[in-house]
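Have a look at structure09.txt; it's compact mmCIF, C-alpha atoms and all ligand atoms:
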# COMPACT_ATOMS: atom_id res chain seq x y z
CA MET O 1 -31.05 -9.36 -20.72
CA SER O 2 -30.07 -5.74 -20.16
CA GLU O 3 -26.33 -5.02 -20.58
CA SER O 4 -26.54 -1.96 -18.38
CA THR O 5 -28.07 -3.94 -15.48
CA LEU O 6 -25.27 -6.49 -15.79
CA GLU O 7 -22.67 -3.73 -15.76
CA ALA O 8 -24.33 -2.04 -12.79
CA LEU O 9 -24.18 -5.33 -10.89
CA GLY O 10 -20.53 -5.85 -11.84
CA GLY O 11 -21.48 -9.15 -13.51
CA GLY O 12 -18.76 -11.56 -14.51
CA ALA O 13 -15.95 -9.79 -12.65
CA ALA O 14 -14.99 -12.48 -10.14
CA ARG O 15 -13.93 -15.99 -11.08
CA PRO O 16 -15.93 -18.51 -8.99
CA ALA O 17 -14.01 -20.82 -6.65
CA GLU O 18 -14.08 -24.55 -7.36
CA PHE O 19 -17.56 -25.97 -6.73
CA GLY O 20 -17.86 -26.88 -3.05
CA HIS O 21 -14.17 -26.37 -2.29
CA ASP O 22 -14.82 -25.69 1.41
CA ALA O 23 -17.62 -28.24 1.97
CA LEU O 24 -17.15 -31.62 3.68
CA VAL O 25 -19.34 -33.45 1.15
CA VAL O 26 -19.51 -32.48 -2.50
CA CYS O 27 -21.57 -34.30 -5.13
CA ASP O 28 -21.15 -32.72 -8.53
CA SER O 29 -23.36 -33.88 -11.41
CA LEU O 30 -23.53 -37.34 -9.88
CA VAL O 31 -24.92 -40.12 -12.06
CA ARG O 32 -25.67 -43.70 -11.05
CA ILE O 33 -27.10 -46.03 -13.63
CA PHE O 34 -28.23 -49.55 -12.68
CA GLN O 35 -28.46 -52.17 -15.37
CA SER O 36 -30.96 -54.91 -14.68
CA GLY O 37 -31.18 -57.21 -17.68
CA SER O 38 -31.89 -55.05 -20.71
CA VAL O 39 -33.38 -52.28 -18.58
CA GLU O 40 -31.32 -49.28 -17.55
CA VAL O 41 -32.40 -47.35 -14.46
CA GLN O 42 -30.96 -43.85 -13.92
CA ALA O 43 -31.20 -43.65 -10.13
CA LEU O 44 -29.10 -40.44 -9.93
CA GLN O 45 -29.35 -38.09 -12.88
CA GLY O 46 -26.76 -35.36 -12.32
CA LEU O 47 -27.26 -34.72 -8.63
CA ASP O 48 -25.51 -31.75 -7.00
CA LEU O 49 -25.19 -31.58 -3.22
CA MET O 50 -22.92 -29.83 -0.75
CA VAL O 51 -22.84 -30.46 2.99
CA ASP O 52 -20.70 -28.34 5.28
CA ASP O 53 -18.61 -29.76 8.08
CA GLY O 54 -20.75 -29.81 11.25
CA GLU O 55 -24.10 -29.59 9.45
CA MET O 56 -27.07 -31.85 10.03
CA ILE O 57 -29.36 -32.18 7.02
CA ALA O 58 -32.40 -34.23 6.10
CA VAL O 59 -32.84 -35.71 2.63
CA VAL O 60 -36.45 -36.27 1.59
CA GLY O 61 -38.11 -37.47 -1.60
CA ALA O 62 -40.67 -39.88 -3.01
CA SER O 63 -39.99 -43.59 -3.11
CA GLY O 64 -37.57 -44.35 -5.94
CA SER O 65 -36.22 -40.80 -6.16
CA GLY O 66 -32.65 -41.95 -5.44
CA LYS O 67 -32.16 -41.25 -1.72
CA SER O 68 -30.76 -44.68 -0.81
CA THR O 69 -28.61 -44.69 -3.92
CA LEU O 70 -27.08 -41.39 -2.80
CA LEU O 71 -26.35 -42.76 0.68
CA GLY O 72 -24.88 -45.92 -0.87
CA VAL O 73 -22.42 -43.75 -2.82
CA LEU O 74 -21.57 -41.54 0.17
CA SER O 75 -21.02 -44.59 2.37
CA GLY O 76 -18.45 -45.94 -0.09
CA MET O 77 -20.47 -49.13 -0.59
CA ASP O 78 -21.49 -48.22 -4.12
CA ALA O 79 -19.57 -46.47 -6.90
CA PRO O 80 -21.20 -43.81 -9.09
CA THR O 81 -21.31 -44.17 -12.87
CA ALA O 82 -20.22 -40.57 -13.58
CA GLY O 83 -19.76 -37.18 -11.94
CA ARG O 84 -17.66 -36.20 -8.97
CA VAL O 85 -18.04 -37.10 -5.31
CA ARG O 86 -15.66 -36.01 -2.58
CA VAL O 87 -15.98 -36.48 1.18
CA GLY O 88 -13.23 -34.71 3.12
CA ARG O 89 -9.95 -35.71 1.49
CA TRP O 90 -11.49 -38.75 -0.21
CA ASP O 91 -12.29 -38.60 -3.91
CA LEU O 92 -14.75 -41.48 -4.10
CA MET O 93 -14.54 -41.70 -7.90
CA ALA O 94 -10.82 -42.35 -7.70
CA VAL O 95 -10.31 -44.54 -4.61
CA GLY O 96 -9.19 -48.14 -5.03
CA THR O 97 -10.57 -51.10 -3.09
CA ARG O 98 -8.13 -50.81 -0.19
CA GLU O 99 -8.68 -47.07 0.23
CA ARG O 100 -12.42 -47.62 0.03
CA VAL O 101 -12.22 -50.00 3.01
CA ALA O 102 -10.16 -47.43 4.93
CA TYR O 103 -12.68 -44.71 4.02
CA ARG O 104 -15.56 -46.80 5.36
CA ARG O 105 -13.68 -47.59 8.56
CA GLU O 106 -12.34 -44.10 9.30
CA MET O 107 -14.56 -41.53 7.69
CA VAL O 108 -18.21 -42.68 7.78
CA GLY O 109 -20.65 -44.33 10.13
CA PHE O 110 -23.92 -45.82 8.91
CA VAL O 111 -27.31 -46.54 10.48
CA TRP O 112 -29.87 -48.59 8.53
CA GLN O 113 -33.64 -48.56 8.85
CA GLN O 114 -33.90 -52.24 9.80
CA THR O 115 -32.89 -52.47 13.45
CA SER O 116 -31.76 -56.08 12.90
CA ARG O 117 -29.28 -55.00 10.22
CA ASN O 118 -27.33 -52.65 12.49
CA LEU O 119 -26.33 -54.92 15.37
CA LEU O 120 -24.99 -58.42 15.87
CA PRO O 121 -27.75 -60.35 17.71
CA TYR O 122 -25.45 -62.51 19.86
CA LEU O 123 -23.45 -59.59 21.32
CA SER O 124 -24.37 -57.12 24.07
CA ALA O 125 -24.76 -53.41 23.29
CA ARG O 126 -21.28 -52.71 24.69
CA GLN O 127 -19.72 -55.50 22.62
CA ASN O 128 -21.51 -54.29 19.49
CA VAL O 129 -20.11 -50.78 19.92
CA ARG O 130 -16.61 -52.23 20.38
CA VAL O 131 -16.67 -54.40 17.24
CA PRO O 132 -15.71 -51.69 14.71
CA MET O 133 -13.19 -49.95 16.99
CA THR O 134 -9.69 -49.91 15.55
CA ALA O 135 -7.76 -47.78 18.03
CA GLY O 136 -6.90 -48.02 21.71
CA ALA O 137 -6.23 -50.76 24.25
CA ARG O 138 -8.96 -53.19 25.32
CA ARG O 139 -9.89 -51.32 28.49
CA ALA O 140 -9.92 -47.95 26.74
CA ARG O 141 -12.26 -49.37 24.08
CA ALA O 142 -14.67 -50.65 26.72
CA ALA O 143 -14.67 -47.26 28.45
CA ARG O 144 -15.22 -45.50 25.13
CA ALA O 145 -18.12 -47.84 24.28
CA ASP O 146 -19.78 -46.95 27.59
CA GLU O 147 -19.23 -43.24 26.94
CA LEU O 148 -20.89 -43.51 23.53
CA LEU O 149 -23.86 -45.46 24.92
CA ASP O 150 -24.27 -42.77 27.61
CA LEU O 151 -23.99 -40.03 25.00
CA VAL O 152 -27.04 -41.33 23.11
CA GLY O 153 -28.95 -42.11 26.30
CA VAL O 154 -28.77 -45.91 26.38
CA GLY O 155 -26.09 -46.56 29.03
CA HIS O 156 -28.64 -48.72 30.85
CA VAL O 157 -28.70 -51.39 28.11
CA ALA O 158 -24.91 -51.87 27.88
CA ASP O 159 -25.10 -55.52 28.98
CA ARG O 160 -28.22 -56.43 27.02
CA ARG O 161 -28.42 -58.13 23.64
CA PRO O 162 -30.52 -56.56 20.88
CA GLN O 163 -33.55 -58.82 21.48
CA GLU O 164 -33.65 -57.54 25.08
CA MET O 165 -33.98 -53.91 23.94
CA SER O 166 -36.82 -51.87 22.39
CA GLY O 167 -36.58 -50.86 18.73
CA GLY O 168 -35.65 -47.31 19.72
CA GLU O 169 -32.93 -48.51 22.10
CA GLN O 170 -31.52 -50.73 19.35
CA GLN O 171 -31.36 -47.77 16.96
CA ARG O 172 -29.61 -45.63 19.56
CA VAL O 173 -27.08 -48.43 20.18
CA ALA O 174 -26.68 -48.53 16.38
CA ILE O 175 -25.85 -44.80 16.42
CA ALA O 176 -23.28 -45.38 19.19
CA THR O 177 -21.79 -48.21 17.09
CA ALA O 178 -21.66 -45.99 14.02
CA LEU O 179 -19.75 -43.40 16.09
CA ALA O 180 -17.22 -45.96 17.37
CA ASN O 181 -14.35 -44.73 15.20
CA GLU O 182 -15.24 -41.06 15.48
CA PRO O 183 -16.36 -40.70 11.87
CA GLN O 184 -16.63 -37.20 10.46
CA LEU O 185 -19.80 -38.16 8.60
CA LEU O 186 -22.78 -40.13 9.93
CA LEU O 187 -25.28 -41.42 7.37
CA ALA O 188 -28.68 -42.70 8.42
CA ASP O 189 -31.19 -44.27 6.01
CA GLU O 190 -34.72 -44.01 7.45
CA PRO O 191 -33.43 -44.73 10.97
CA THR O 192 -36.87 -44.12 12.48
CA GLY O 193 -38.89 -45.89 9.78
CA GLU O 194 -39.83 -48.86 11.98
CA LEU O 195 -40.58 -46.82 15.11
CA ASP O 196 -43.57 -45.05 16.63
CA THR O 197 -43.52 -41.26 16.91
CA ALA O 198 -42.29 -40.95 20.51
CA THR O 199 -39.51 -43.51 20.04
CA ALA O 200 -38.56 -41.94 16.71
CA GLN O 201 -38.05 -38.64 18.53
CA ASP O 202 -35.58 -40.31 20.95
CA VAL O 203 -33.60 -41.67 18.01
CA PHE O 204 -33.67 -38.32 16.26
CA ASP O 205 -32.48 -36.63 19.46
CA ALA O 206 -29.59 -39.11 19.56
CA LEU O 207 -28.59 -38.11 16.00
CA ARG O 208 -28.77 -34.47 17.01
CA THR O 209 -26.58 -35.18 20.05
CA ALA O 210 -24.04 -36.86 17.78
CA ASN O 211 -24.11 -33.72 15.65
CA LEU O 212 -23.91 -31.15 18.44
CA GLU O 213 -21.76 -32.89 21.03
CA ALA O 214 -19.55 -35.19 18.97
CA GLY O 215 -19.38 -32.63 16.13
CA THR O 216 -20.31 -35.28 13.57
CA THR O 217 -21.82 -34.13 10.28
CA VAL O 218 -25.15 -35.94 9.84
CA VAL O 219 -27.10 -36.77 6.68
CA VAL O 220 -30.41 -38.45 7.44
CA VAL O 221 -32.78 -39.81 4.81
CA THR O 222 -36.36 -39.74 5.96
CA HIS O 223 -39.99 -39.93 4.89
CA ASP O 224 -41.03 -38.17 8.08
CA PRO O 225 -42.13 -34.61 7.23
CA ALA O 226 -41.77 -33.62 10.91
CA VAL O 227 -38.00 -34.04 10.60
CA SER O 228 -37.77 -30.94 8.41
CA ALA O 229 -38.90 -28.89 11.36
CA GLN O 230 -35.93 -30.15 13.37
CA VAL O 231 -33.00 -29.66 11.03
CA GLU O 232 -31.60 -26.43 9.62
CA ARG O 233 -31.73 -27.70 6.03
CA THR O 234 -33.89 -30.22 4.23
CA VAL O 235 -32.87 -31.24 0.73
CA ALA O 236 -35.58 -32.67 -1.54
CA ILE O 237 -34.61 -35.12 -4.28
CA ARG O 238 -36.80 -35.61 -7.31
CA ASP O 239 -35.97 -37.98 -10.17
CA GLY O 240 -32.37 -38.41 -9.05
CA ARG O 241 -31.65 -34.69 -8.68
CA THR O 242 -31.79 -32.19 -5.85
CA SER O 243 -34.88 -30.14 -6.65
CA SER O 244 -35.44 -27.85 -3.68
CA GLU O 245 -34.18 -26.99 -0.21
CA VAL O 246 -36.06 -25.85 2.86
CA LEU O 247 -34.08 -23.69 5.26
CA ARG O 248 -35.16 -23.39 8.86
CA ARG O 249 -34.44 -19.99 10.36
CA ASP O 250 -34.69 -19.16 14.01
CA ALA O 251 -34.81 -15.37 14.55
CA ASP O 252 -35.77 -13.97 17.95
CA GLY O 253 -37.56 -17.18 18.86
CA ASP O 254 -39.61 -17.17 15.63
CA VAL O 255 -38.99 -20.27 13.55
CA THR O 256 -39.70 -19.97 9.84
CA HIS O 257 -39.23 -22.37 6.95
CA GLU O 258 -38.38 -21.03 3.53
CA GLU O 259 -38.31 -23.14 0.41
CA TYR O 260 -35.70 -22.48 -2.28
CA ALA O 261 -35.28 -23.94 -5.74
CA VAL O 262 -31.84 -25.41 -6.36
CA MET O 263 -29.73 -24.08 -9.21
CA ASP O 264 -27.17 -26.45 -10.68
CA ARG O 265 -23.72 -25.50 -11.86
CA ALA O 266 -24.90 -24.87 -15.38
CA GLY O 267 -27.45 -22.40 -14.00
CA ARG O 268 -30.48 -24.68 -14.47
CA VAL O 269 -33.43 -24.13 -12.13
CA GLN O 270 -36.53 -26.27 -12.18
CA VAL O 271 -39.69 -24.14 -12.24
CA PRO O 272 -42.35 -25.93 -10.16
CA ARG O 273 -45.17 -27.49 -12.17
CA GLU O 274 -47.86 -25.32 -10.54
CA TYR O 275 -45.98 -22.17 -11.63
CA ARG O 276 -45.56 -23.50 -15.16
CA GLU O 277 -49.23 -24.37 -15.37
CA ALA O 278 -50.44 -21.09 -13.85
CA LEU O 279 -48.54 -19.01 -16.43
CA GLU O 280 -48.65 -21.56 -19.24
CA LEU O 281 -44.87 -21.60 -19.37
CA THR O 282 -43.88 -24.17 -21.95
CA ARG O 283 -40.81 -24.79 -24.05
CA ARG O 284 -39.62 -21.22 -24.45
CA VAL O 285 -39.68 -18.44 -21.84
CA ARG O 286 -38.38 -14.86 -21.65
CA LEU O 287 -35.73 -14.20 -19.02
CA ALA O 288 -34.78 -10.72 -17.85
CA LEU O 289 -32.33 -9.46 -15.27
CA GLU O 290 -34.12 -6.77 -13.30
CA GLY O 291 -32.06 -5.14 -10.58
CA ASP O 292 -32.17 -7.64 -7.74
CA HIS O 293 -34.04 -10.50 -9.40
CA VAL O 294 -34.55 -12.46 -12.59
CA SER O 295 -37.99 -12.65 -14.15
CA VAL O 296 -39.38 -15.50 -16.22
CA ARG O 297 -42.21 -14.68 -18.62
CA PRO O 298 -44.25 -16.74 -21.03
CA ASP O 299 -43.19 -16.52 -24.65
CA GLY O 300 -45.56 -13.83 -25.97
CA GLY O 301 -49.29 -14.62 -26.26
CA ALA O 302 -52.12 -13.39 -24.08
CA ARG O 303 -50.32 -13.81 -20.78
CA SER O 304 -47.12 -11.94 -21.59
CA GLY O 305 -48.04 -9.23 -19.08
CA SER O 306 -47.79 -11.62 -16.14
CA ARG O 307 -44.49 -12.17 -14.49
CA ARG O 308 -43.06 -14.68 -12.06
CA GLU O 309 -39.90 -14.14 -10.16
CA VAL O 310 -37.82 -17.27 -9.50
CA VAL O 311 -34.36 -16.18 -8.49
CA ARG O 312 -33.49 -13.46 -6.03
N1 LIG O 401 -29.38 -52.41 -7.37
C1 LIG O 401 -30.30 -51.86 -8.16
N2 LIG O 401 -30.57 -52.39 -9.38
C2 LIG O 401 -31.48 -51.83 -10.21
N3 LIG O 401 -32.21 -50.73 -9.91
C3 LIG O 401 -31.98 -50.16 -8.70
C4 LIG O 401 -31.04 -50.70 -7.77
N4 LIG O 401 -31.04 -49.91 -6.66
C5 LIG O 401 -31.97 -48.96 -6.88
N5 LIG O 401 -32.52 -49.09 -8.10
C6 LIG O 401 -33.53 -48.22 -8.72
O1 LIG O 401 -33.04 -46.87 -8.63
C7 LIG O 401 -34.11 -45.97 -8.34
C8 LIG O 401 -33.78 -45.22 -7.05
O2 LIG O 401 -33.82 -46.14 -5.96
P1 LIG O 401 -33.51 -45.71 -4.46
O3 LIG O 401 -33.58 -46.97 -3.63
O4 LIG O 401 -32.26 -44.94 -4.41
O5 LIG O 401 -34.74 -44.77 -4.12
P2 LIG O 401 -35.23 -44.21 -2.72
O6 LIG O 401 -35.54 -42.78 -2.94
O7 LIG O 401 -34.26 -44.55 -1.65
O8 LIG O 401 -36.57 -45.04 -2.52
P3 LIG O 401 -37.27 -45.55 -1.14
O9 LIG O 401 -37.73 -44.32 -0.41
O10 LIG O 401 -38.39 -46.41 -1.62
O11 LIG O 401 -36.21 -46.32 -0.39
C9 LIG O 401 -35.36 -46.82 -8.26
O12 LIG O 401 -36.00 -46.78 -9.51
C10 LIG O 401 -34.84 -48.20 -7.97
O13 LIG O 401 -35.74 -49.19 -8.45
Could you write out this file's structure as structure tokens?
Amino acid sequence: MSESTLEALGGGAARPAEFGHDALVVCDSLVRIFQSGSVEVQALQGLDLMVDDGEMIAVVGASGSGKSTLLGVLSGMDAPTAGRVRVGRWDLMAVGTRERVAYRREMVGFVWQQTSRNLLPYLSARQNVRVPMTAGARRARAARADELLDLVGVGHVADRRPQEMSGGEQQRVAIATALANEPQLLLADEPTGELDTATAQDVFDALRTANLEAGTTVVVVTHDPAVSAQVERTVAIRDGRTSSEVLRRDADGDVTHEEYAVMDRAGRVQVPREYREALELTRRVRLALEGDHVSVRPDGGARSGSRREVVR
């Protein structure tokens, strides 16, 4: 690496602020190991993630990549094995059982994929939304439940039980229920997984309404590639780590999607397999700082003239 380029860029002058100090959600080198019998499964392998207050992001990834494990940790239902996880003022590595219950009641709302898991079958929609409410007099709670049902577009099913609603209506009632205590963070694990495309869109719109009108930060895990087109940021998880992010930009009516590799705190970036194969990048590569980018070159050999830029 060229010393003069570093000097010209003023490298190393400023001390970086604490990782994610101004974010609502911070996962720092998060590890979750499951032990089943003699087999150890590393579901999260040093995952880094930051979500700003007011953001709505999608989390995508192949089956088994660790998406549900991440939501389990963020919901306070599961405890990580190592690393750091903070949501608002809550340090989820340090909270005791009682604080964890308070965190789940006050800070997060959760929507599951299985419609039947979200609602109590013997209660009406209005009663379901009221169940988790902790504040306010009886009448105020009923009024608030109706407001939330209206917000997500299902005011018309307030007196119906889940079996008298469509799958999409049940999921929207589930979102209203998850918002009952005005959580700052709403987590949804494949909330549209059991629905057809049109109904899925209604549910997605309800999540977006929660984000835009209630100001709730939303993290939604999905297999649906169309969702990426609807959120500003899609985070991809591979093998228990965040591997790439797609940012949606809307400039003068033109919507573009740009994919970025994610760099962890130690400066590690995963070079996509197709790049490694195209340039035969193997164990050792040459790095060089060149003005406004870093180049990665194969270690000598016939292809040393070729160059691939990975970080701008
Ligand atoms: N309670 C558990 N005990 C043992 N292994 C587990 C447990 N929960 C998850 N795993 C394993 O951890 C890995 C990540 O699972 P996880 O459910 O987080 O993936 P996922 O990305 O949500 O998958 P899917 O899209 O299929 O739901 C998998 O290998 C899974 O088998």
- Can you tell me, as a list in words, what residues are no more than 9 Å from stretch 214-220 of chain O when counting all atoms listed in the file, ignoring any on the same chain fewer than 6 positions away?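 Returned residues: Leu24, Val51, Asp52, Asp53, Gly54, Glu55, Met56, Ile57, Ala58, Val59, Val60, Leu71, Leu151, Leu179, Glu182, Pro183, Gln184, Leu185, Leu186, Leu187, Ala188, Asp189, Glu190, Pro191, Leu207 and Arg208 of chain O.
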- Message: Quick one: residues within 9 Å of stretch 28-36 of chain O, only C-alpha atoms, excluding same-chain residues fewer than 2 positions away - as an NGL selection string?
- Response: :O and (19-20 or 26 or 38-50 or 69-70 or 73 or 79-86 or 240-241 or 264-265)
Restricting it to C-alpha atoms, dump the selection as a PDB file, keeping the file's coordinate frame.
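Wrote it out as out_27.pdb, contents follow:
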ATOM      1  CA  PHE O  19     -17.560 -25.970  -6.730  1.00  0.00           C
ATOM      2  CA  GLY O  20     -17.860 -26.880  -3.050  1.00  0.00           C
ATOM      3  CA  VAL O  26     -19.510 -32.480  -2.500  1.00  0.00           C
ATOM      4  CA  SER O  38     -31.890 -55.050 -20.710  1.00  0.00           C
ATOM      5  CA  VAL O  39     -33.380 -52.280 -18.580  1.00  0.00           C
ATOM      6  CA  GLU O  40     -31.320 -49.280 -17.550  1.00  0.00           C
ATOM      7  CA  VAL O  41     -32.400 -47.350 -14.460  1.00  0.00           C
ATOM      8  CA  GLN O  42     -30.960 -43.850 -13.920  1.00  0.00           C
ATOM      9  CA  ALA O  43     -31.200 -43.650 -10.130  1.00  0.00           C
ATOM     10  CA  LEU O  44     -29.100 -40.440  -9.930  1.00  0.00           C
ATOM     11  CA  GLN O  45     -29.350 -38.090 -12.880  1.00  0.00           C
ATOM     12  CA  GLY O  46     -26.760 -35.360 -12.320  1.00  0.00           C
ATOM     13  CA  LEU O  47     -27.260 -34.720  -8.630  1.00  0.00           C
ATOM     14  CA  ASP O  48     -25.510 -31.750  -7.000  1.00  0.00           C
ATOM     15  CA  LEU O  49     -25.190 -31.580  -3.220  1.00  0.00           C
ATOM     16  CA  MET O  50     -22.920 -29.830  -0.750  1.00  0.00           C
ATOM     17  CA  THR O  69     -28.610 -44.690  -3.920  1.00  0.00           C
ATOM     18  CA  LEU O  70     -27.080 -41.390  -2.800  1.00  0.00           C
ATOM     19  CA  VAL O  73     -22.420 -43.750  -2.820  1.00  0.00           C
ATOM     20  CA  ALA O  79     -19.570 -46.470  -6.900  1.00  0.00           C
ATOM     21  CA  PRO O  80     -21.200 -43.810  -9.090  1.00  0.00           C
ATOM     22  CA  THR O  81     -21.310 -44.170 -12.870  1.00  0.00           C
ATOM     23  CA  ALA O  82     -20.220 -40.570 -13.580  1.00  0.00           C
ATOM     24  CA  GLY O  83     -19.760 -37.180 -11.940  1.00  0.00           C
ATOM     25  CA  ARG O  84     -17.660 -36.200  -8.970  1.00  0.00           C
ATOM     26  CA  VAL O  85     -18.040 -37.100  -5.310  1.00  0.00           C
ATOM     27  CA  ARG O  86     -15.660 -36.010  -2.580  1.00  0.00           C
ATOM     28  CA  GLY O 240     -32.370 -38.410  -9.050  1.00  0.00           C
ATOM     29  CA  ARG O 241     -31.650 -34.690  -8.680  1.00  0.00           C
ATOM     30  CA  ASP O 264     -27.170 -26.450 -10.680  1.00  0.00           C
ATOM     31  CA  ARG O 265     -23.720 -25.500 -11.860  1.00  0.00           C
TER      32      ARG O 265
END
- Could you tell me which of O:Ala288, O:Leu123, O:Leu281, O:Ile237 comes closest to ligand LIG 401 (chain O) if we count all atoms listed in the file?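 Comparing O:Ala288, O:Leu123, O:Leu281, O:Ile237 against ligand LIG 401 (chain O), the winner is O:Ile237.
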- Work out how far atom CA of O:Arg105 is from atom CA of O:Thr222, in Å to one decimal. 24.1 Å
- Item | Residue among O:Ala236, O:Val173, O:Ala158, O:Val246 lying closest to ligand LIG 401 (chain O), counting all atoms listed in the file |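 Selected residue with least distance to ligand LIG 401 (chain O): O:Ala236.
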- Item | atom CA of O:Gly193 to atom O2 of ligand LIG 401 (chain O), distance in Å rounded to a single decimal |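 Interatomic distance, atom CA of O:Gly193 to atom O2 of ligand LIG 401 (chain O): 16.5 Å.
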- Rounded to one decimal in Å, what is the spacing between atom N2 of ligand LIG 401 (chain O) and atom CA of O:Gln114?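 Between atom N2 of ligand LIG 401 (chain O) and atom CA of O:Gln114 the gap works out to 19.5 Å.
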- Item | Spatial neighbours of O:Met133, max dist 7 Å, only C-alpha atoms, sep filter under 3 positions, as a ChimeraX atom specification | /O:130,180-181
- Test item: residues at most 10 Å from O:Gln201, all atoms listed in the file, excluding those fewer than 6 positions along its chain, as a PyMOL selection string: chain O and resi 168+192+195+207+226-227
So that I can see what lies close to O:Val269, please list as a compact mmCIF listing (two decimals) with C-alpha atoms, in the coordinates of the input the residues with an atom at most 12 Å from it, counting all atoms listed in the file and leaving out residues fewer than 2 positions away in the same chain.
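Final output, saved to result_30.txt:
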# COMPACT_ATOMS: atom_id res chain seq x y z
CA ARG O 241 -31.65 -34.69 -8.68
CA THR O 242 -31.79 -32.19 -5.85
CA SER O 243 -34.88 -30.14 -6.65
CA SER O 244 -35.44 -27.85 -3.68
CA TYR O 260 -35.70 -22.48 -2.28
CA ALA O 261 -35.28 -23.94 -5.74
CA VAL O 262 -31.84 -25.41 -6.36
CA MET O 263 -29.73 -24.08 -9.21
CA ASP O 264 -27.17 -26.45 -10.68
CA ARG O 265 -23.72 -25.50 -11.86
CA ALA O 266 -24.90 -24.87 -15.38
CA GLY O 267 -27.45 -22.40 -14.00
CA VAL O 271 -39.69 -24.14 -12.24
CA PRO O 272 -42.35 -25.93 -10.16
CA VAL O 294 -34.55 -12.46 -12.59
CA VAL O 296 -39.38 -15.50 -16.22
CA VAL O 310 -37.82 -17.27 -9.50
CA VAL O 311 -34.36 -16.18 -8.49
I'd like the box whose edges run along x, y and z of the file and which contains every listed atom of stretch 209-223 of chain O, padded by 8 Å per side; could you state its centre and edge lengths in Å, one decimal, as AutoDock Vina command-line options?
--center_x -29.7 --center_y -35.5 --center_z 12.9 --size_x 36.6 --size_y 24.8 --size_z 32.2
- Task: Using all atoms listed in the file, find the one residue out of O:His257, O:Arg172, O:His156, O:Arg238 that sits nearest to ligand LIG 401 (chain O).
- Result: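 Selected residue with least distance to ligand LIG 401 (chain O): O:Arg238.
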